$ cat final_24.txt   # compact mmCIF, C-alpha atoms
# COMPACT_ATOMS: atom_id res chain seq x y z
CA MET S 1 -25.95 -22.92 13.00
CA GLN S 2 -29.35 -24.07 11.81
CA ASP S 3 -30.39 -21.14 9.64
CA LYS S 4 -27.07 -21.09 7.81
CA ILE S 5 -27.22 -20.44 4.06
CA ASP S 6 -25.75 -23.15 1.89
CA PHE S 7 -23.27 -21.53 -0.49
CA SER S 8 -21.77 -24.83 -1.69
CA SER S 9 -23.47 -24.48 -5.08
CA LEU S 10 -21.56 -21.24 -5.75
CA GLU S 11 -18.41 -21.30 -7.84
CA ARG S 12 -15.08 -21.54 -5.99
CA ILE S 13 -12.04 -20.20 -7.78
CA THR S 14 -8.36 -20.97 -7.35
CA PRO S 15 -5.43 -18.59 -7.79
CA LYS S 16 -3.77 -18.56 -11.20
CA LYS S 17 -0.62 -20.65 -11.45
CA ASP S 18 1.72 -17.70 -11.94
CA SER S 19 0.21 -15.49 -9.22
CA PHE S 20 2.71 -16.44 -6.52
CA ALA S 21 5.61 -15.99 -8.94
CA LYS S 22 4.29 -12.47 -9.62
CA VAL S 23 4.17 -11.79 -5.88
CA LEU S 24 7.82 -12.86 -5.55
CA TYR S 25 8.81 -10.76 -8.55
CA ARG S 26 7.14 -7.68 -7.06
CA LEU S 27 8.87 -8.31 -3.74
CA ASP S 28 12.23 -8.58 -5.54
CA CYS S 29 11.61 -5.28 -7.30
CA GLN S 30 10.69 -3.63 -4.00
CA GLN S 31 13.86 -4.94 -2.38
CA LYS S 32 16.04 -3.72 -5.26
CA ARG S 33 14.46 -0.28 -5.05
CA LEU S 34 15.07 -0.22 -1.31
CA ILE S 35 18.72 -1.27 -1.70
CA SER S 36 19.43 1.38 -4.34
CA PHE S 37 17.65 3.99 -2.24
CA THR S 38 19.73 3.20 0.85
CA ARG S 39 22.90 3.10 -1.25
CA TYR S 40 22.26 6.55 -2.75
CA THR S 41 21.23 7.92 0.62
CA ARG S 42 24.50 6.70 2.12
CA ILE S 43 26.50 8.28 -0.72
CA ALA S 44 24.64 11.56 -0.26
CA LEU S 45 25.19 11.49 3.49
CA ALA S 46 28.91 10.72 3.09
CA ALA S 47 29.29 13.55 0.58
CA SER S 48 27.52 16.00 2.91
CA PHE S 49 29.74 14.91 5.80
CA LEU S 50 32.90 15.37 3.72
CA PHE S 51 31.67 18.77 2.57
CA ILE S 52 31.08 19.92 6.14
CA VAL S 53 34.39 18.52 7.40
CA GLY S 54 36.18 20.09 4.43
CA GLY S 55 34.48 23.41 5.07
CA LEU S 56 35.69 23.37 8.65
CA THR S 57 39.28 22.17 8.15
CA LEU S 58 40.39 23.64 4.81
CA PRO S 59 40.34 27.33 5.82
CA LYS S 60 42.48 26.45 8.82
CA LEU S 61 45.05 24.78 6.58
CA PHE S 62 45.40 27.80 4.31
CA THR S 63 45.33 30.46 6.99
CA GLU S 64 48.67 30.91 8.69
CA ASN S 65 48.56 31.90 12.30
CA ILE S 66 51.29 34.39 12.98
CA SER S 67 52.75 34.53 16.42
CA PRO S 68 53.70 38.00 17.76
CA ALA S 69 57.36 36.95 17.78
CA GLU S 70 57.26 36.05 14.05
CA TYR S 71 55.54 39.34 13.24
CA ALA S 72 58.14 41.32 15.19
CA GLU S 73 60.98 39.61 13.27
CA ASN S 74 59.80 40.73 9.83
CA PRO S 75 56.67 42.91 9.93
CA PHE S 76 57.02 44.05 6.31
CA GLU S 77 56.71 40.48 4.93
CA TRP S 78 53.41 39.93 6.75
CA GLU S 79 52.02 43.34 5.84
CA GLU S 80 52.85 42.75 2.18
CA GLU S 81 51.20 39.36 2.21
CA SER S 82 48.17 40.77 3.92
CA PHE S 83 47.92 43.57 1.36
CA VAL S 84 48.17 41.15 -1.56
CA LEU S 85 45.40 39.04 -0.06
CA GLN S 86 43.23 42.11 0.39
CA LEU S 87 43.63 42.98 -3.27
CA GLU S 88 41.31 40.15 -4.11
CA THR S 89 38.44 41.83 -2.32
CA LEU S 90 36.19 44.36 -4.02
CA ASP S 91 37.01 47.20 -1.66
CA SER S 92 40.73 47.02 -2.30
CA SER S 93 40.33 46.84 -6.08
CA LEU S 94 38.07 49.88 -5.95
CA SER S 95 40.57 51.82 -3.92
CA ILE S 96 43.42 50.82 -6.25
CA SER S 97 41.45 51.87 -9.32
CA TYR S 98 40.70 55.18 -7.56
CA LEU S 99 44.40 55.68 -6.85
CA LEU S 100 45.26 54.88 -10.46
CA THR S 101 42.80 57.48 -11.77
CA GLU S 102 44.22 60.02 -9.30
CA ASP S 103 47.75 59.39 -10.71
CA ASN S 104 46.57 59.92 -14.28
CA MET C 105 -1.60 -22.96 10.70
CA ASP C 106 1.00 -22.71 13.45
CA GLN C 107 1.99 -19.08 13.72
CA LYS C 108 4.56 -19.25 16.53
CA TRP C 109 7.43 -19.56 14.11
CA LEU C 110 6.15 -16.48 12.32
CA LEU C 111 6.22 -14.43 15.48
CA ASN C 112 9.71 -15.46 16.56
CA LYS C 113 11.53 -13.72 13.75
CA PRO C 114 9.01 -11.64 11.85
CA LYS C 115 11.73 -9.41 10.36
CA GLN C 116 13.25 -12.35 8.53
CA MET C 117 10.22 -13.63 6.70
CA SER C 118 11.58 -16.12 4.21
CA ARG C 119 10.23 -17.12 0.83
CA GLU C 120 9.34 -20.53 2.26
CA THR C 121 7.22 -18.95 5.00
CA LEU C 122 5.44 -16.80 2.46
CA ALA C 123 4.92 -19.80 0.20
CA ALA C 124 3.48 -21.78 3.12
CA LEU C 125 1.09 -18.93 3.88
CA TRP C 126 0.15 -18.75 0.21
CA HIS C 127 -0.66 -22.44 0.04
CA ALA C 128 -2.67 -22.34 3.25
CA GLU C 129 -4.67 -19.17 2.73
CA SER C 130 -4.58 -17.90 -0.85
CA GLN C 131 -7.64 -19.77 -2.12
CA LYS C 132 -9.88 -18.67 0.74
CA LEU C 133 -8.66 -15.08 0.44
CA LEU C 134 -9.18 -15.12 -3.31
CA ASN C 135 -12.76 -16.37 -2.95
CA LEU C 136 -13.48 -13.75 -0.32
CA ALA C 137 -12.13 -11.01 -2.60
CA TYR C 138 -14.02 -12.49 -5.53
CA ARG C 139 -17.29 -12.43 -3.57
CA MET C 140 -16.66 -8.86 -2.49
CA LEU C 141 -15.51 -7.45 -5.83
CA LYS C 142 -17.55 -9.74 -8.15
CA ASN C 143 -14.59 -9.76 -10.53
CA ARG C 144 -11.98 -12.48 -10.84
CA ASP C 145 -9.11 -10.37 -12.17
CA GLU C 146 -9.59 -7.69 -9.54
CA ALA C 147 -9.76 -10.37 -6.85
CA GLU C 148 -6.43 -11.80 -8.11
CA ASP C 149 -4.90 -8.32 -7.98
CA ILE C 150 -6.06 -7.84 -4.41
CA LEU C 151 -4.70 -11.24 -3.42
CA MET C 152 -1.29 -10.37 -4.86
CA ASP C 153 -1.32 -6.92 -3.24
CA VAL C 154 -2.07 -8.50 0.12
CA PHE C 155 0.77 -11.00 -0.18
CA VAL C 156 3.23 -8.36 -1.38
CA SER C 157 2.45 -6.33 1.73
CA VAL C 158 2.66 -9.31 4.11
CA PRO C 159 6.48 -9.23 4.74
CA THR C 160 6.31 -5.58 5.88
CA ALA C 161 2.88 -5.69 7.51
CA ILE C 162 3.84 -8.76 9.56
CA GLN C 163 6.06 -6.45 11.70
CA ASN C 164 2.84 -5.04 13.21
CA PHE C 165 1.22 -8.43 13.68
CA ARG C 166 1.12 -9.06 17.42
CA GLY C 167 -0.25 -12.57 17.29
CA GLU C 168 -3.39 -11.78 19.28
CA ALA C 169 -5.57 -13.15 16.50
CA ALA C 170 -4.96 -16.05 14.14
CA ILE C 171 -2.81 -15.27 11.13
CA SER C 172 -5.72 -16.25 8.87
CA SER C 173 -8.00 -13.69 10.58
CA TRP C 174 -5.31 -11.06 10.12
CA LEU C 175 -5.06 -11.91 6.40
CA TYR C 176 -8.85 -11.85 6.02
CA ARG C 177 -8.93 -8.40 7.58
CA MET C 178 -6.21 -7.15 5.22
CA THR C 179 -8.12 -8.56 2.24
CA ILE C 180 -11.43 -7.04 3.34
CA ASN C 181 -9.84 -3.63 3.87
CA ALA C 182 -8.12 -3.77 0.48
CA CYS C 183 -11.40 -4.75 -1.21
CA LEU C 184 -13.38 -2.01 0.53
CA MET C 185 -10.78 0.55 -0.55
CA LYS C 186 -11.01 -0.68 -4.12
CA ILE C 187 -14.83 -0.56 -4.02
CA ARG C 188 -14.77 3.01 -2.70
CA LYS C 189 -12.42 4.08 -5.48
CA ALA C 190 -14.51 2.26 -8.08
CA LYS C 191 -17.71 3.87 -6.75
CA ARG C 192 -16.30 7.32 -7.26
CA HIS C 193 -15.14 6.31 -10.70
CA ALA C 194 -18.49 4.67 -11.51
CA GLU C 195 -20.43 7.77 -10.52
CA LEU C 196 -18.43 9.78 -13.04
CA GLU C 197 -18.73 7.02 -15.64
CA GLU C 198 -22.50 6.85 -15.10
CA ILE C 199 -22.92 10.57 -15.68
CA ASN C 200 -20.88 10.35 -18.88
CA PHE C 201 -22.59 7.15 -19.98
CA ASP C 202 -26.10 8.59 -19.51
CA TYR C 203 -25.15 11.62 -21.50
CA ILE C 204 -23.69 9.54 -24.34
CA GLN C 205 -26.66 7.14 -24.33
CA GLU C 206 -29.20 9.94 -24.51
CA GLN C 207 -27.36 11.43 -27.42
CA SER C 208 -26.97 8.23 -29.43
CA ILE C 209 -29.96 5.96 -28.82
CA GLY C 210 -32.47 7.86 -26.73
CA THR C 211 -33.38 7.44 -23.06
CA LYS C 212 -35.99 4.68 -23.44
CA GLU C 213 -33.51 1.98 -24.43
CA GLU C 214 -34.16 -1.16 -22.38
CA LYS C 215 -31.25 -2.73 -20.57
CA GLU C 216 -30.35 -6.31 -21.30
CA GLU C 217 -30.79 -8.39 -18.16
CA LEU C 218 -28.33 -11.12 -17.29
CA LYS C 219 -29.65 -13.91 -15.08
CA PRO C 220 -27.00 -15.85 -13.22
CA GLY C 221 -27.84 -17.98 -10.17
CA ILE C 222 -30.41 -16.47 -7.83
CA LEU C 223 -28.27 -17.21 -4.79
CA ASN C 224 -25.37 -15.39 -6.41
CA ASP C 225 -27.64 -12.44 -7.19
CA ALA C 226 -28.97 -12.40 -3.65
CA LEU C 227 -25.44 -12.40 -2.24
CA ASN C 228 -24.34 -9.70 -4.65
CA ALA C 229 -27.28 -7.52 -3.63
CA LEU C 230 -25.86 -7.20 -0.12
CA PRO C 231 -23.38 -4.45 0.82
CA ALA C 232 -19.76 -5.57 0.36
CA ASP C 233 -18.86 -5.75 4.07
CA THR C 234 -22.01 -7.73 4.96
CA ARG C 235 -21.34 -9.94 1.96
CA SER C 236 -17.86 -10.70 3.22
CA MET C 237 -19.23 -11.39 6.70
CA ILE C 238 -21.87 -13.89 5.62
CA TRP C 239 -19.45 -15.51 3.19
CA LEU C 240 -16.85 -16.07 5.90
CA LYS C 241 -19.46 -17.41 8.31
CA ASP C 242 -21.57 -19.62 6.08
CA ALA C 243 -19.21 -20.56 3.25
CA GLU C 244 -15.86 -20.63 5.08
CA ASP C 245 -17.30 -21.80 8.43
CA LEU C 246 -15.53 -19.22 10.57
CA SER C 247 -16.67 -18.84 14.15
CA ILE C 248 -18.26 -15.70 15.61
CA GLU C 249 -15.06 -15.17 17.64
CA GLU C 250 -12.99 -15.14 14.47
CA LEU C 251 -15.42 -12.67 12.89
CA VAL C 252 -15.09 -10.46 15.98
CA ASP C 253 -11.30 -10.41 15.38
CA ILE C 254 -11.67 -9.71 11.68
CA PHE C 255 -14.34 -7.01 11.76
CA SER C 256 -13.47 -5.54 15.19
CA MET C 257 -17.15 -5.52 16.17
CA PRO C 258 -19.01 -6.91 19.18
CA SER C 259 -20.37 -10.42 18.68
CA GLY C 260 -23.94 -9.15 19.13
CA THR C 261 -23.58 -6.76 16.20
CA ILE C 262 -22.13 -9.51 14.04
CA LYS C 263 -24.94 -11.93 14.92
CA ALA C 264 -27.57 -9.28 14.17
CA ARG C 265 -25.98 -8.44 10.82
CA LEU C 266 -25.73 -12.10 9.88
CA SER C 267 -29.34 -12.68 10.80
CA ARG C 268 -30.50 -9.70 8.71
CA ALA C 269 -28.32 -10.81 5.77
CA ARG C 270 -29.75 -14.34 5.86
CA ALA C 271 -33.28 -12.99 6.02
CA PHE C 272 -32.53 -10.73 3.07
CA ILE C 273 -31.13 -13.62 1.00
CA ARG C 274 -34.10 -15.89 1.79
CA ASN C 275 -36.51 -13.11 0.98
CA PHE C 276 -34.68 -12.35 -2.26
CA ILE C 277 -34.78 -16.01 -3.35
CA GLN C 278 -38.47 -16.29 -2.42
CA ARG C 279 -39.38 -13.17 -4.39
CA SER C 280 -37.35 -14.37 -7.38
CA GLY C 281 -39.25 -17.70 -7.23
CA GLU C 282 -42.58 -15.90 -7.18
CA TYR C 283 -41.57 -13.81 -10.19
CA ALA C 284 -40.45 -16.92 -12.06
CA ARG C 285 -43.83 -18.61 -11.66

$ encode --input "final_24.txt" --output "structure tokens"
Amino acid sequence: MQDKIDFSSLERITPKKDSFAKVLYRLDCQQKRLISFTRYTRIALAASFLFIVGGLTLPKLFTENISPAEYAENPFEWEEESFVLQLETLDSSLSISYLLTEDN
Amino acid sequence: MDQKWLLNKPKQMSRETLAALWHAESQKLLNLAYRMLKNRDEAEDILMDVFVSVPTAIQNFRGEAAISSWLYRMTINACLMKIRKAKRHAELEEINFDYIQEQSIGTKEEKEELKPGILNDALNALPADTRSMIWLKDAEDLSIEELVDIFSMPSGTIKARLSRARAFIRNFIQRSGEYAR
């Protein structure tokens, strides 16, 4: 173009020698941060999964399903067990303490 | 620069590819940033920021424009963002500075004038985006088509802006010459 301005007299600068090394260093740091983030995210996800699975399966392991035939064989054993388990609840302890005060 | 190999596997941008890009484009990008920001250290920072973002930003590069145009656009955007931030900061600084100056030395203190090259002054007097446009056209010899890609503007608008910028620079130099006489 004819009316172009001639900027050739203006100073031209070049990048500093260590600039590209700094770029690579910053990229390395970014990558490390990303790796640690994904690692911790995976750990957190695995822990949540185990927690949920545990929450679903553990109660089933500790709760015994009694068949009607088993109950008919020895009803007292199951009643006793059931009563002992109920003692741990607040209602049962309140009723026991009430009974104890009645006795006194 | 051949960009086909960049587009084939953009997710696996290697250090060698980045280094090749650096060698091909860094100086031009640095000078563009330097012209826009008028500060060497800030221009270096922008250049590094641009190259740090290249491996992730390349995922969105569709190859419609040249890779150099894409890098110019990234640099211009980064510079404009920095200028906007600095403007806000400068406005606050100016208010504080005026207040301090009035308190310490009075308001009639004359400013010391620095006189670098007139051409440099003329260029610096232009708005940053116009400055980058005329620099890329007249100093880096980019075509109007490339400028259309970089600035996302119609070629007519670019030509008009360039024409006005050139007239402004010539006028500025002429006026400076008259003052010098």

$ interface_residues --input "final_24.txt" --of "chain C" --to "chain S" --cutoff "8 Å" --atoms "only C-alpha atoms" --output "list in words"
Ala123, Trp126, Ser130, Gln131, Leu134, Asn135, Glu148, Met152, Asp153, Phe155, Val156, Leu223, Asn224, Asp242, Ala243 and Arg270 of chain C

$ atom_distance --input "final_24.txt" --atom1 "atom CA of Ile273 of chain C" --atom2 "atom CA of Gly221 of chain C"
12.4 Å

$ residues_around --input "final_24.txt" --residues "Leu122 of chain C" --least-positions-apart "3" --cutoff "9 Å" --atoms "all atoms listed in the file" --output "PyMOL selection string"
chain C and resi 117-119+125-127+155+158-159

$ write_last_selection --input "final_24.txt" --atoms "C-alpha atoms" --output "PDB file, in the frame of the given file"
ATOM      1  CA  MET C 117      10.220 -13.630   6.700  1.00  0.00           C
ATOM      2  CA  SER C 118      11.580 -16.120   4.210  1.00  0.00           C
ATOM      3  CA  ARG C 119      10.230 -17.120   0.830  1.00  0.00           C
ATOM      4  CA  LEU C 125       1.090 -18.930   3.880  1.00  0.00           C
ATOM      5  CA  TRP C 126       0.150 -18.750   0.210  1.00  0.00           C
ATOM      6  CA  HIS C 127      -0.660 -22.440   0.040  1.00  0.00           C
ATOM      7  CA  PHE C 155       0.770 -11.000  -0.180  1.00  0.00           C
ATOM      8  CA  VAL C 158       2.660  -9.310   4.110  1.00  0.00           C
ATOM      9  CA  PRO C 159       6.480  -9.230   4.740  1.00  0.00           C
TER      10      PRO C 159
END

$ atom_distance --input "final_24.txt" --atom1 "atom CA of Asp233 of chain C" --atom2 "atom CA of Ile150 of chain C"
15.5 Å

$ atom_distance --input "final_24.txt" --atom1 "atom CA of Met140 of chain C" --atom2 "atom CA of Ser157 of chain C"
19.7 Å

$ residues_around --input "final_24.txt" --residues "Ala161 of chain C" --least-positions-apart "6" --cutoff "12 Å" --atoms "only C-alpha atoms" --output "PyMOL selection string"
chain C and resi 114-115+117+153-155+171+174-175+178

$ closest_residue --input "final_24.txt" --among "C:Ala169, C:Ala226, C:Leu184, C:Leu136" --to "Lys241 of chain C" --atoms "all atoms listed in the file"
C:Leu136

$ build_atoms --input "final_24.txt" --residues "segment 159-170 of chain C" --atoms "all heavy atoms" --output "compact mmCIF listing (two decimals), keeping the file's coordinate frame"
# COMPACT_ATOMS: atom_id res chain seq x y z
N PRO C 159 5.18 -9.29 4.05
CA PRO C 159 6.48 -9.23 4.74
C PRO C 159 6.70 -7.95 5.54
O PRO C 159 7.37 -7.99 6.57
CB PRO C 159 7.50 -9.35 3.60
CG PRO C 159 6.77 -10.05 2.53
CD PRO C 159 5.35 -9.57 2.61
N THR C 160 6.16 -6.81 5.10
CA THR C 160 6.31 -5.58 5.88
C THR C 160 5.22 -5.47 6.94
O THR C 160 5.50 -5.06 8.07
CB THR C 160 6.29 -4.33 4.98
OG1 THR C 160 5.35 -4.54 3.94
CG2 THR C 160 7.64 -4.03 4.41
N ALA C 161 4.00 -5.83 6.57
CA ALA C 161 2.88 -5.69 7.51
C ALA C 161 3.00 -6.66 8.69
O ALA C 161 2.47 -6.37 9.77
CB ALA C 161 1.56 -5.89 6.79
N ILE C 162 3.72 -7.74 8.50
CA ILE C 162 3.84 -8.76 9.56
C ILE C 162 4.57 -8.18 10.78
O ILE C 162 4.41 -8.67 11.90
CB ILE C 162 4.54 -10.04 9.04
CG1 ILE C 162 4.29 -11.23 9.97
CG2 ILE C 162 6.04 -9.86 8.89
CD1 ILE C 162 3.21 -12.12 9.55
N GLN C 163 5.35 -7.10 10.57
CA GLN C 163 6.06 -6.45 11.70
C GLN C 163 5.05 -5.95 12.75
O GLN C 163 5.38 -5.88 13.93
CB GLN C 163 6.89 -5.25 11.23
CG GLN C 163 7.67 -5.44 9.94
CD GLN C 163 8.75 -6.46 10.01
OE1 GLN C 163 9.31 -6.66 11.07
NE2 GLN C 163 9.03 -7.13 8.92
N ASN C 164 3.86 -5.57 12.28
CA ASN C 164 2.84 -5.04 13.21
C ASN C 164 1.89 -6.12 13.72
O ASN C 164 0.99 -5.83 14.48
CB ASN C 164 2.02 -3.95 12.51
CG ASN C 164 2.88 -2.82 12.02
OD1 ASN C 164 3.85 -2.45 12.67
ND2 ASN C 164 2.56 -2.31 10.85
N PHE C 165 2.08 -7.33 13.25
CA PHE C 165 1.22 -8.43 13.68
C PHE C 165 1.67 -8.90 15.05
O PHE C 165 2.80 -9.35 15.22
CB PHE C 165 1.29 -9.57 12.64
CG PHE C 165 0.50 -10.78 13.03
CD1 PHE C 165 -0.88 -10.73 13.17
CD2 PHE C 165 1.13 -12.01 13.26
CE1 PHE C 165 -1.61 -11.84 13.52
CE2 PHE C 165 0.40 -13.13 13.60
CZ PHE C 165 -0.96 -13.04 13.74
N ARG C 166 0.74 -8.77 16.04
CA ARG C 166 1.12 -9.06 17.42
C ARG C 166 0.77 -10.49 17.85
O ARG C 166 1.07 -10.91 18.94
CB ARG C 166 0.48 -8.05 18.35
CG ARG C 166 1.20 -6.71 18.32
CD ARG C 166 0.39 -5.65 19.01
NE ARG C 166 -0.86 -5.38 18.27
CZ ARG C 166 -1.80 -4.56 18.68
NH1 ARG C 166 -1.67 -3.95 19.83
NH2 ARG C 166 -2.88 -4.34 17.95
N GLY C 167 0.08 -11.19 16.98
CA GLY C 167 -0.25 -12.57 17.29
C GLY C 167 -1.43 -12.75 18.21
O GLY C 167 -1.65 -13.83 18.74
N GLU C 168 -2.21 -11.66 18.42
CA GLU C 168 -3.39 -11.78 19.28
C GLU C 168 -4.49 -12.57 18.59
O GLU C 168 -5.26 -13.28 19.22
CB GLU C 168 -3.89 -10.38 19.67
CG GLU C 168 -2.97 -9.71 20.67
CD GLU C 168 -3.17 -8.21 20.76
OE1 GLU C 168 -4.02 -7.66 20.03
OE2 GLU C 168 -2.44 -7.59 21.55
N ALA C 169 -4.58 -12.40 17.29
CA ALA C 169 -5.57 -13.15 16.50
C ALA C 169 -4.84 -14.17 15.64
O ALA C 169 -3.61 -14.14 15.55
CB ALA C 169 -6.35 -12.20 15.61
N ALA C 170 -5.60 -15.06 15.03
CA ALA C 170 -4.96 -16.05 14.14
C ALA C 170 -4.44 -15.34 12.91
O ALA C 170 -4.99 -14.32 12.49
CB ALA C 170 -5.99 -17.10 13.75
